>>> print(open('my_file-v5.tsv').read())   # TSV, N, CA and C atoms
chain	number	residue	atom	x	y	z
A	1	MET	N	-5.07	12.20	-13.71
A	1	MET	CA	-4.78	12.22	-12.29
A	1	MET	C	-4.54	10.78	-11.83
A	2	ASN	N	-3.56	10.59	-11.01
A	2	ASN	CA	-3.20	9.26	-10.50
A	2	ASN	C	-3.16	9.35	-8.98
A	3	GLN	N	-4.31	9.18	-8.34
A	3	GLN	CA	-4.40	9.17	-6.89
A	3	GLN	C	-5.22	7.97	-6.48
A	4	LEU	N	-4.78	7.31	-5.43
A	4	LEU	CA	-5.49	6.14	-4.94
A	4	LEU	C	-5.61	6.24	-3.43
A	5	GLN	N	-6.81	5.98	-2.92
A	5	GLN	CA	-7.04	5.85	-1.49
A	5	GLN	C	-7.65	4.49	-1.27
A	6	VAL	N	-7.12	3.78	-0.29
A	6	VAL	CA	-7.62	2.44	-0.02
A	6	VAL	C	-7.48	2.14	1.47
A	7	THR	N	-8.47	1.44	1.99
A	7	THR	CA	-8.41	0.94	3.36
A	7	THR	C	-7.92	-0.49	3.27
A	8	ALA	N	-6.88	-0.82	4.04
A	8	ALA	CA	-6.27	-2.14	3.90
A	8	ALA	C	-5.49	-2.53	5.15
A	9	LEU	N	-5.18	-3.82	5.20
A	9	LEU	CA	-4.29	-4.38	6.21
A	9	LEU	C	-2.90	-4.50	5.62
A	10	ILE	N	-1.88	-4.38	6.44
A	10	ILE	CA	-0.52	-4.70	6.02
A	10	ILE	C	-0.34	-6.19	6.34
A	11	THR	N	-0.29	-7.04	5.30
A	11	THR	CA	-0.20	-8.48	5.54
A	11	THR	C	1.23	-8.99	5.50
A	12	GLU	N	2.09	-8.35	4.73
A	12	GLU	CA	3.50	-8.71	4.65
A	12	GLU	C	4.29	-7.41	4.58
A	13	ARG	N	5.46	-7.42	5.20
A	13	ARG	CA	6.29	-6.21	5.14
A	13	ARG	C	7.75	-6.61	5.30
A	14	ASP	N	8.59	-6.09	4.42
A	14	ASP	CA	10.03	-6.32	4.50
A	14	ASP	C	10.66	-5.31	5.44
A	15	THR	N	11.89	-5.58	5.83
A	15	THR	CA	12.62	-4.62	6.65
A	15	THR	C	13.12	-3.48	5.75
A	16	ILE	N	13.44	-2.41	6.37
A	16	ILE	CA	13.87	-1.23	5.63
A	16	ILE	C	15.17	-1.54	4.88
A	17	ARG	N	15.25	-1.01	3.68
A	17	ARG	CA	16.48	-1.11	2.87
A	17	ARG	C	16.76	0.28	2.33
A	18	TYR	N	17.93	0.45	1.75
A	18	TYR	CA	18.33	1.77	1.27
A	18	TYR	C	18.74	1.69	-0.20
A	19	THR	N	18.29	2.66	-0.98
A	19	THR	CA	18.68	2.74	-2.39
A	19	THR	C	20.15	3.13	-2.45
A	20	PRO	N	20.79	2.98	-3.63
A	20	PRO	CA	22.18	3.44	-3.77
A	20	PRO	C	22.35	4.92	-3.41
A	21	ALA	N	21.29	5.71	-3.56
A	21	ALA	CA	21.35	7.13	-3.21
A	21	ALA	C	21.11	7.37	-1.72
A	22	GLY	N	20.84	6.28	-0.95
A	22	GLY	CA	20.65	6.41	0.49
A	22	GLY	C	19.22	6.63	0.93
A	23	MET	N	18.26	6.53	0.03
A	23	MET	CA	16.85	6.72	0.40
A	23	MET	C	16.29	5.45	1.02
A	24	PRO	N	15.66	5.55	2.20
A	24	PRO	CA	15.05	4.37	2.82
A	24	PRO	C	13.78	3.95	2.07
A	25	ILE	N	13.62	2.63	1.91
A	25	ILE	CA	12.46	2.04	1.21
A	25	ILE	C	11.97	0.85	2.03
A	26	VAL	N	10.67	0.73	2.17
A	26	VAL	CA	10.06	-0.47	2.78
A	26	VAL	C	8.99	-0.97	1.82
A	27	THR	N	9.09	-2.24	1.44
A	27	THR	CA	8.08	-2.85	0.57
A	27	THR	C	7.15	-3.71	1.41
A	28	ALA	N	5.92	-3.87	0.91
A	28	ALA	CA	4.90	-4.60	1.66
A	28	ALA	C	3.83	-5.12	0.71
A	29	VAL	N	2.92	-5.90	1.27
A	29	VAL	CA	1.72	-6.32	0.57
A	29	VAL	C	0.54	-5.85	1.41
A	30	LEU	N	-0.40	-5.15	0.76
A	30	LEU	CA	-1.60	-4.68	1.43
A	30	LEU	C	-2.77	-5.54	0.98
A	31	GLN	N	-3.69	-5.83	1.91
A	31	GLN	CA	-4.87	-6.64	1.60
A	31	GLN	C	-6.12	-5.83	1.87
A	32	HIS	N	-7.00	-5.80	0.87
A	32	HIS	CA	-8.25	-5.04	0.96
A	32	HIS	C	-9.44	-5.97	0.77
A	33	SER	N	-10.51	-5.70	1.50
A	33	SER	CA	-11.77	-6.41	1.33
A	33	SER	C	-12.90	-5.44	1.65
A	34	SER	N	-13.87	-5.32	0.73
A	34	SER	CA	-15.02	-4.44	0.97
A	34	SER	C	-16.16	-4.85	0.04
A	35	GLN	N	-17.30	-4.24	0.29
A	35	GLN	CA	-18.45	-4.43	-0.58
A	35	GLN	C	-18.68	-3.13	-1.34
A	36	GLN	N	-18.76	-3.22	-2.65
A	36	GLN	CA	-18.95	-2.06	-3.52
A	36	GLN	C	-20.22	-2.25	-4.34
A	37	MET	N	-20.83	-1.14	-4.70
A	37	MET	CA	-22.01	-1.19	-5.56
A	37	MET	C	-21.56	-1.01	-7.01
A	38	GLU	N	-22.01	-1.91	-7.87
A	38	GLU	CA	-21.70	-1.83	-9.29
A	38	GLU	C	-22.98	-2.13	-10.07
A	39	ALA	N	-23.42	-1.20	-10.88
A	39	ALA	CA	-24.64	-1.35	-11.67
A	39	ALA	C	-25.83	-1.74	-10.79
A	40	GLY	N	-25.87	-1.16	-9.58
A	40	GLY	CA	-26.98	-1.42	-8.67
A	40	GLY	C	-26.91	-2.74	-7.93
A	41	ILE	N	-25.79	-3.46	-8.05
A	41	ILE	CA	-25.64	-4.76	-7.40
A	41	ILE	C	-24.43	-4.70	-6.46
A	42	ALA	N	-24.61	-5.22	-5.24
A	42	ALA	CA	-23.50	-5.27	-4.28
A	42	ALA	C	-22.49	-6.32	-4.75
A	43	ARG	N	-21.22	-5.93	-4.70
A	43	ARG	CA	-20.15	-6.83	-5.14
A	43	ARG	C	-19.05	-6.85	-4.09
A	44	LEU	N	-18.64	-8.05	-3.71
A	44	LEU	CA	-17.52	-8.21	-2.79
A	44	LEU	C	-16.22	-8.02	-3.56
A	45	THR	N	-15.39	-7.09	-3.10
A	45	THR	CA	-14.10	-6.87	-3.74
A	45	THR	C	-12.99	-7.22	-2.76
A	46	GLU	N	-12.11	-8.06	-3.20
A	46	GLU	CA	-10.95	-8.47	-2.40
A	46	GLU	C	-9.73	-8.48	-3.30
A	47	PHE	N	-8.63	-7.92	-2.79
A	47	PHE	CA	-7.39	-7.95	-3.57
A	47	PHE	C	-6.20	-7.71	-2.66
A	48	GLU	N	-5.04	-8.10	-3.17
A	48	GLU	CA	-3.76	-7.77	-2.55
A	48	GLU	C	-3.01	-6.91	-3.55
A	49	VAL	N	-2.28	-5.96	-3.03
A	49	VAL	CA	-1.52	-5.07	-3.90
A	49	VAL	C	-0.12	-4.87	-3.30
A	50	PRO	N	0.93	-5.00	-4.14
A	50	PRO	CA	2.27	-4.68	-3.64
A	50	PRO	C	2.37	-3.18	-3.42
A	51	ALA	N	3.07	-2.80	-2.36
A	51	ALA	CA	3.17	-1.39	-2.01
A	51	ALA	C	4.57	-1.06	-1.52
A	52	LEU	N	4.89	0.23	-1.53
A	52	LEU	CA	6.16	0.67	-0.95
A	52	LEU	C	6.00	2.05	-0.35
A	53	ALA	N	6.81	2.29	0.66
A	53	ALA	CA	6.91	3.60	1.30
A	53	ALA	C	8.37	4.03	1.22
A	54	ALA	N	8.60	5.28	0.89
A	54	ALA	CA	9.96	5.78	0.71
A	54	ALA	C	10.20	7.01	1.56
A	55	GLY	N	11.48	7.31	1.77
A	55	GLY	CA	11.88	8.50	2.51
A	55	GLY	C	11.53	8.41	3.98
A	56	ASP	N	11.19	9.55	4.59
A	56	ASP	CA	10.87	9.58	6.02
A	56	ASP	C	9.66	8.71	6.34
A	57	LEU	N	8.73	8.57	5.41
A	57	LEU	CA	7.54	7.75	5.62
A	57	LEU	C	7.90	6.28	5.79
A	58	ALA	N	8.99	5.83	5.19
A	58	ALA	CA	9.40	4.42	5.27
A	58	ALA	C	9.65	4.01	6.72
A	59	LYS	N	10.24	4.87	7.50
A	59	LYS	CA	10.54	4.54	8.90
A	59	LYS	C	9.26	4.42	9.71
A	60	ARG	N	8.30	5.31	9.48
A	60	ARG	CA	7.01	5.25	10.18
A	60	ARG	C	6.23	4.01	9.73
A	61	PHE	N	6.28	3.71	8.43
A	61	PHE	CA	5.58	2.55	7.89
A	61	PHE	C	6.17	1.25	8.44
A	62	GLU	N	7.48	1.17	8.55
A	62	GLU	CA	8.13	-0.04	9.09
A	62	GLU	C	7.71	-0.28	10.53
A	63	ALA	N	7.45	0.77	11.28
A	63	ALA	CA	7.07	0.64	12.69
A	63	ALA	C	5.57	0.42	12.90
A	64	ALA	N	4.77	0.55	11.86
A	64	ALA	CA	3.30	0.41	11.99
A	64	ALA	C	2.95	-1.04	12.35
A	65	PRO	N	2.10	-1.24	13.36
A	65	PRO	CA	1.74	-2.60	13.76
A	65	PRO	C	1.00	-3.35	12.65
A	66	LEU	N	1.36	-4.61	12.47
A	66	LEU	CA	0.64	-5.47	11.54
A	66	LEU	C	-0.71	-5.82	12.14
A	67	GLY	N	-1.71	-6.08	11.29
A	67	GLY	CA	-3.02	-6.52	11.78
A	67	GLY	C	-4.01	-5.39	11.98
A	68	GLY	N	-3.56	-4.16	11.95
A	68	GLY	CA	-4.48	-3.04	12.06
A	68	GLY	C	-5.06	-2.67	10.70
A	69	VAL	N	-6.13	-1.91	10.73
A	69	VAL	CA	-6.75	-1.42	9.49
A	69	VAL	C	-6.28	0.02	9.28
A	70	TYR	N	-5.73	0.29	8.11
A	70	TYR	CA	-5.16	1.59	7.80
A	70	TYR	C	-5.85	2.22	6.60
A	71	GLN	N	-5.86	3.54	6.57
A	71	GLN	CA	-6.27	4.29	5.39
A	71	GLN	C	-4.99	4.75	4.71
A	72	PHE	N	-4.79	4.32	3.46
A	72	PHE	CA	-3.59	4.65	2.70
A	72	PHE	C	-3.96	5.61	1.57
A	73	SER	N	-3.06	6.52	1.26
A	73	SER	CA	-3.20	7.35	0.07
A	73	SER	C	-1.87	7.32	-0.67
A	74	GLY	N	-1.96	7.40	-1.99
A	74	GLY	CA	-0.76	7.35	-2.80
A	74	GLY	C	-1.09	7.30	-4.28
A	75	PHE	N	-0.21	6.66	-5.04
A	75	PHE	CA	-0.39	6.58	-6.48
A	75	PHE	C	0.15	5.24	-6.99
A	76	LEU	N	-0.24	4.88	-8.20
A	76	LEU	CA	0.23	3.65	-8.84
A	76	LEU	C	1.32	3.98	-9.85
A	77	ALA	N	2.33	3.12	-9.92
A	77	ALA	CA	3.40	3.27	-10.90
A	77	ALA	C	3.92	1.87	-11.26
A	78	LYS	N	4.59	1.78	-12.41
A	78	LYS	CA	5.18	0.51	-12.80
A	78	LYS	C	6.27	0.12	-11.81
A	79	LYS	N	6.41	-1.19	-11.61
A	79	LYS	CA	7.42	-1.70	-10.67
A	79	LYS	C	8.81	-1.22	-11.08
A	80	ASN	N	9.09	-1.26	-12.35
A	80	ASN	CA	10.33	-0.68	-12.89
A	80	ASN	C	10.05	-0.27	-14.33
A	81	ARG	N	11.00	0.32	-14.95
A	81	ARG	CA	10.81	0.88	-16.28
A	81	ARG	C	10.29	-0.12	-17.31
A	82	ASN	N	10.74	-1.36	-17.25
A	82	ASN	CA	10.38	-2.37	-18.25
A	82	ASN	C	9.25	-3.29	-17.80
A	83	SER	N	8.67	-3.05	-16.65
A	83	SER	CA	7.65	-3.93	-16.09
A	83	SER	C	6.25	-3.50	-16.48
A	84	ARG	N	5.33	-4.47	-16.51
A	84	ARG	CA	3.91	-4.17	-16.67
A	84	ARG	C	3.20	-4.22	-15.32
A	85	SER	N	3.87	-4.73	-14.31
A	85	SER	CA	3.30	-4.84	-12.97
A	85	SER	C	3.24	-3.47	-12.30
A	86	LEU	N	2.17	-3.26	-11.52
A	86	LEU	CA	2.00	-2.00	-10.81
A	86	LEU	C	2.34	-2.15	-9.34
A	87	VAL	N	2.80	-1.07	-8.74
A	87	VAL	CA	3.08	-0.98	-7.30
A	87	VAL	C	2.40	0.27	-6.77
A	88	PHE	N	1.79	0.13	-5.62
A	88	PHE	CA	1.14	1.26	-4.94
A	88	PHE	C	2.21	1.99	-4.13
A	89	HIS	N	2.48	3.23	-4.48
A	89	HIS	CA	3.45	4.06	-3.77
A	89	HIS	C	2.69	4.84	-2.69
A	90	ILE	N	2.96	4.53	-1.44
A	90	ILE	CA	2.26	5.14	-0.31
A	90	ILE	C	2.84	6.53	-0.05
A	91	ILE	N	1.96	7.52	0.01
A	91	ILE	CA	2.36	8.88	0.33
A	91	ILE	C	2.03	9.22	1.79
A	92	ASP	N	0.93	8.64	2.29
A	92	ASP	CA	0.55	8.85	3.68
A	92	ASP	C	-0.35	7.71	4.12
A	93	PHE	N	-0.44	7.50	5.42
A	93	PHE	CA	-1.34	6.48	5.96
A	93	PHE	C	-1.68	6.83	7.40
A	94	SER	N	-2.82	6.30	7.86
A	94	SER	CA	-3.22	6.49	9.24
A	94	SER	C	-3.95	5.24	9.71
A	95	LEU	N	-3.82	4.94	10.98
A	95	LEU	CA	-4.46	3.79	11.60
A	95	LEU	C	-5.95	4.10	11.83
A	96	LEU	N	-6.83	3.21	11.34
A	96	LEU	CA	-8.26	3.37	11.55
A	96	LEU	C	-8.77	2.48	12.68
A	97	ASP	N	-8.21	1.26	12.78
A	97	ASP	CA	-8.68	0.28	13.77
A	97	ASP	C	-7.52	-0.64	14.10
A	98	THR	N	-7.33	-0.92	15.38
A	98	THR	CA	-6.23	-1.78	15.80
A	98	THR	C	-6.47	-3.25	15.50
A	99	GLY	N	-7.69	-3.62	15.18
A	99	GLY	CA	-8.00	-5.02	14.92
A	99	GLY	C	-8.20	-5.82	16.17
A	100	ALA	N	-8.06	-5.21	17.34
A	100	ALA	CA	-8.20	-5.93	18.61
A	100	ALA	C	-9.63	-5.95	19.08
>>> encode(input="my_file-v5.tsv", output="structure tokens")
Amino acid sequence: MNQLQVTALITERDTIRYTPAGMPIVTAVLQHSSQQMEAGIARLTEFEVPALAAGDLAKRFEAAPLGGVYQFSGFLAKKNRNSRSLVFHIIDFSLLDTGA
């Protein structure tokens, strides 16, 4: 199973672009910070992950305000066929906090 849920900020986001087949795509960088328990010890986890939203979701994602805290769900896949780098493919998201 390849499902990922993460709470994160949208720290960088490109403008919408279209694939040769006409599908809208928006790429971004998401930033996460939280405290997790590992082996009974609290651990601060911080990371940035490249992400993309495609199809109808791309338009909603492009319009989402920067600086808010969002709950994202999706899956991980290679950036391209020959890459070892992973990209988080967003399937859905919702605003949790405006950050204001």
>>> atom_distance(input="my_file-v5.tsv", atom1="atom CA of A:Asn2", atom2="atom CA of A:Leu30")
18.4 Å
>>> atom_distance(input="my_file-v5.tsv", atom1="atom N of A:Gln3", atom2="atom CA of A:Gly22")
26.6 Å
>>> residues_near_point(input="my_file-v5.tsv", point="(13.0, 7.6, 5.0)", cutoff="8 Å", atoms="all atoms listed in the file", output="mmCIF file with N, CA and C atoms, in the frame of the given file")
data_model
loop_
_atom_site.group_PDB
_atom_site.id
_atom_site.type_symbol
_atom_site.label_atom_id
_atom_site.label_comp_id
_atom_site.auth_asym_id
_atom_site.auth_seq_id
_atom_site.Cartn_x
_atom_site.Cartn_y
_atom_site.Cartn_z
ATOM 1 N N GLY A 22 20.840 6.280 -0.950
ATOM 2 C CA GLY A 22 20.650 6.410 0.490
ATOM 3 C C GLY A 22 19.220 6.630 0.930
ATOM 4 N N MET A 23 18.260 6.530 0.030
ATOM 5 C CA MET A 23 16.850 6.720 0.400
ATOM 6 C C MET A 23 16.290 5.450 1.020
ATOM 7 N N PRO A 24 15.660 5.550 2.200
ATOM 8 C CA PRO A 24 15.050 4.370 2.820
ATOM 9 C C PRO A 24 13.780 3.950 2.070
ATOM 10 N N ILE A 25 13.620 2.630 1.910
ATOM 11 C CA ILE A 25 12.460 2.040 1.210
ATOM 12 C C ILE A 25 11.970 0.850 2.030
ATOM 13 N N VAL A 26 10.670 0.730 2.170
ATOM 14 C CA VAL A 26 10.060 -0.470 2.780
ATOM 15 C C VAL A 26 8.990 -0.970 1.820
ATOM 16 N N ALA A 53 6.810 2.290 0.660
ATOM 17 C CA ALA A 53 6.910 3.600 1.300
ATOM 18 C C ALA A 53 8.370 4.030 1.220
ATOM 19 N N ALA A 54 8.600 5.280 0.890
ATOM 20 C CA ALA A 54 9.960 5.780 0.710
ATOM 21 C C ALA A 54 10.200 7.010 1.560
ATOM 22 N N GLY A 55 11.480 7.310 1.770
ATOM 23 C CA GLY A 55 11.880 8.500 2.510
ATOM 24 C C GLY A 55 11.530 8.410 3.980
ATOM 25 N N ASP A 56 11.190 9.550 4.590
ATOM 26 C CA ASP A 56 10.870 9.580 6.020
ATOM 27 C C ASP A 56 9.660 8.710 6.340
ATOM 28 N N LEU A 57 8.730 8.570 5.410
ATOM 29 C CA LEU A 57 7.540 7.750 5.620
ATOM 30 C C LEU A 57 7.900 6.280 5.790
ATOM 31 N N ALA A 58 8.990 5.830 5.190
ATOM 32 C CA ALA A 58 9.400 4.420 5.270
ATOM 33 C C ALA A 58 9.650 4.010 6.720
ATOM 34 N N LYS A 59 10.240 4.870 7.500
ATOM 35 C CA LYS A 59 10.540 4.540 8.900
ATOM 36 C C LYS A 59 9.260 4.420 9.710
ATOM 37 N N ARG A 60 8.300 5.310 9.480
ATOM 38 C CA ARG A 60 7.010 5.250 10.180
ATOM 39 C C ARG A 60 6.230 4.010 9.730
#
>>> select_by_dssp(input="my_file-v5.tsv", residues="chain A", states="strand (DSSP E or B)", output="number ranges by chain")
A: 4-13, 17-18, 24-38, 41-54, 69-78, 86-97
>>> select_by_dssp(input="my_file-v5.tsv", residues="chain A", states="alpha helix (DSSP H)", output="list in words")
Asp56, Leu57, Ala58, Lys59, Arg60, Phe61, Glu62 and Ala63 of chain A
>>> write_last_selection(input="my_file-v5.tsv", atoms="N, CA and C atoms", output="short mmCIF file (atom, residue, chain, number, x, y, z; two decimals), in the coordinates of the input")
data_model
loop_
_atom_site.label_atom_id
_atom_site.label_comp_id
_atom_site.auth_asym_id
_atom_site.auth_seq_id
_atom_site.Cartn_x
_atom_site.Cartn_y
_atom_site.Cartn_z
N ASP A 56 11.19 9.55 4.59
CA ASP A 56 10.87 9.58 6.02
C ASP A 56 9.66 8.71 6.34
N LEU A 57 8.73 8.57 5.41
CA LEU A 57 7.54 7.75 5.62
C LEU A 57 7.90 6.28 5.79
N ALA A 58 8.99 5.83 5.19
CA ALA A 58 9.40 4.42 5.27
C ALA A 58 9.65 4.01 6.72
N LYS A 59 10.24 4.87 7.50
CA LYS A 59 10.54 4.54 8.90
C LYS A 59 9.26 4.42 9.71
N ARG A 60 8.30 5.31 9.48
CA ARG A 60 7.01 5.25 10.18
C ARG A 60 6.23 4.01 9.73
N PHE A 61 6.28 3.71 8.43
CA PHE A 61 5.58 2.55 7.89
C PHE A 61 6.17 1.25 8.44
N GLU A 62 7.48 1.17 8.55
CA GLU A 62 8.13 -0.04 9.09
C GLU A 62 7.71 -0.28 10.53
N ALA A 63 7.45 0.77 11.28
CA ALA A 63 7.07 0.64 12.69
C ALA A 63 5.57 0.42 12.90
#
>>> closest_residue(input="my_file-v5.tsv", among="A:Phe93, A:Leu52, A:Thr27, A:Ala39", to="A:Gln71", atoms="all atoms listed in the file")
A:Phe93
>>> closest_residue(input="my_file-v5.tsv", among="A:Ala28, A:Thr45, A:Glu38, A:Phe75", to="A:Met1", atoms="only N, CA and C atoms")
A:Phe75
>>> closest_residue(input="my_file-v5.tsv", among="A:Ile10, A:Val69, A:Ala51, A:Ala21", to="A:His89", atoms="only C-alpha atoms")
A:Ala51
>>> atom_distance(input="my_file-v5.tsv", atom1="atom CA of A:Ala63", atom2="atom CA of A:Asp97")
15.8 Å
>>> residues_around(input="my_file-v5.tsv", residues="A:Leu95", least_positions_apart="5", cutoff="10 Å", atoms="only C-alpha atoms", output="list of chain:residue names")
A:Thr7, A:Ala8, A:Leu9, A:Ala64, A:Pro65, A:Gly68, A:Val69, A:Tyr70, A:Gln71, A:Phe72
>>> closest_residue(input="my_file-v5.tsv", among="A:Gly40, A:Ser33, A:Gly67, A:Val87", to="A:Glu12", atoms="all atoms listed in the file")
A:Gly67
>>> closest_residue(input="my_file-v5.tsv", among="A:Thr19, A:Gln5, A:Gln35, A:Thr11", to="A:Ser73", atoms="all atoms listed in the file")
A:Gln5
>>> closest_residue(input="my_file-v5.tsv", among="A:Glu46, A:Gly74, A:Glu62, A:Ile16", to="A:Asp92", atoms="all atoms listed in the file")
A:Gly74
>>> build_atoms(input="my_file-v5.tsv", residues="stretch 15-24 of chain A", atoms="all heavy atoms", output="CSV table (one decimal), keeping the file's coordinate frame")
chain,number,residue,atom,x,y,z
A,15,THR,N,11.9,-5.6,5.8
A,15,THR,CA,12.6,-4.6,6.6
A,15,THR,C,13.1,-3.5,5.8
A,15,THR,O,13.2,-3.6,4.5
A,15,THR,CB,13.8,-5.3,7.4
A,15,THR,OG1,14.7,-5.9,6.4
A,15,THR,CG2,13.4,-6.3,8.3
A,16,ILE,N,13.4,-2.4,6.4
A,16,ILE,CA,13.9,-1.2,5.6
A,16,ILE,C,15.2,-1.5,4.9
A,16,ILE,O,16.0,-2.3,5.4
A,16,ILE,CB,14.0,0.0,6.6
A,16,ILE,CG1,14.0,1.3,5.9
A,16,ILE,CG2,15.3,-0.2,7.5
A,16,ILE,CD1,13.8,2.5,6.8
A,17,ARG,N,15.2,-1.0,3.7
A,17,ARG,CA,16.5,-1.1,2.9
A,17,ARG,C,16.8,0.3,2.3
A,17,ARG,O,15.9,1.2,2.4
A,17,ARG,CB,16.3,-2.1,1.7
A,17,ARG,CG,15.3,-1.8,0.7
A,17,ARG,CD,15.3,-2.8,-0.4
A,17,ARG,NE,14.2,-2.5,-1.4
A,17,ARG,CZ,14.3,-1.7,-2.4
A,17,ARG,NH1,15.5,-1.1,-2.6
A,17,ARG,NH2,13.3,-1.5,-3.2
A,18,TYR,N,17.9,0.4,1.8
A,18,TYR,CA,18.3,1.8,1.3
A,18,TYR,C,18.7,1.7,-0.2
A,18,TYR,O,19.4,0.8,-0.6
A,18,TYR,CB,19.5,2.3,2.1
A,18,TYR,CG,19.0,2.6,3.5
A,18,TYR,CD1,19.0,1.6,4.5
A,18,TYR,CD2,18.5,3.9,3.9
A,18,TYR,CE1,18.6,1.9,5.8
A,18,TYR,CE2,18.1,4.2,5.1
A,18,TYR,CZ,18.1,3.2,6.1
A,18,TYR,OH,17.7,3.4,7.4
A,19,THR,N,18.3,2.7,-1.0
A,19,THR,CA,18.7,2.7,-2.4
A,19,THR,C,20.2,3.1,-2.4
A,19,THR,O,20.7,3.6,-1.5
A,19,THR,CB,17.8,3.8,-3.1
A,19,THR,OG1,18.2,5.1,-2.6
A,19,THR,CG2,16.3,3.5,-3.0
A,20,PRO,N,20.8,3.0,-3.6
A,20,PRO,CA,22.2,3.4,-3.8
A,20,PRO,C,22.4,4.9,-3.4
A,20,PRO,O,23.4,5.3,-3.0
A,20,PRO,CB,22.5,3.2,-5.2
A,20,PRO,CG,21.6,2.0,-5.6
A,20,PRO,CD,20.3,2.3,-4.8
A,21,ALA,N,21.3,5.7,-3.6
A,21,ALA,CA,21.4,7.1,-3.2
A,21,ALA,C,21.1,7.4,-1.7
A,21,ALA,O,21.1,8.5,-1.3
A,21,ALA,CB,20.3,7.9,-4.0
A,22,GLY,N,20.8,6.3,-1.0
A,22,GLY,CA,20.6,6.4,0.5
A,22,GLY,C,19.2,6.6,0.9
A,22,GLY,O,19.0,6.9,2.1
A,23,MET,N,18.3,6.5,0.0
A,23,MET,CA,16.8,6.7,0.4
A,23,MET,C,16.3,5.4,1.0
A,23,MET,O,16.4,4.4,0.4
A,23,MET,CB,16.0,7.1,-0.8
A,23,MET,CG,14.5,7.3,-0.4
A,23,MET,SD,13.5,7.8,-1.8
A,23,MET,CE,14.1,9.4,-2.1
A,24,PRO,N,15.7,5.6,2.2
A,24,PRO,CA,15.0,4.4,2.8
A,24,PRO,C,13.8,4.0,2.1
A,24,PRO,O,13.0,4.8,1.6
A,24,PRO,CB,14.7,4.8,4.2
A,24,PRO,CG,14.7,6.3,4.2
A,24,PRO,CD,15.6,6.7,3.1
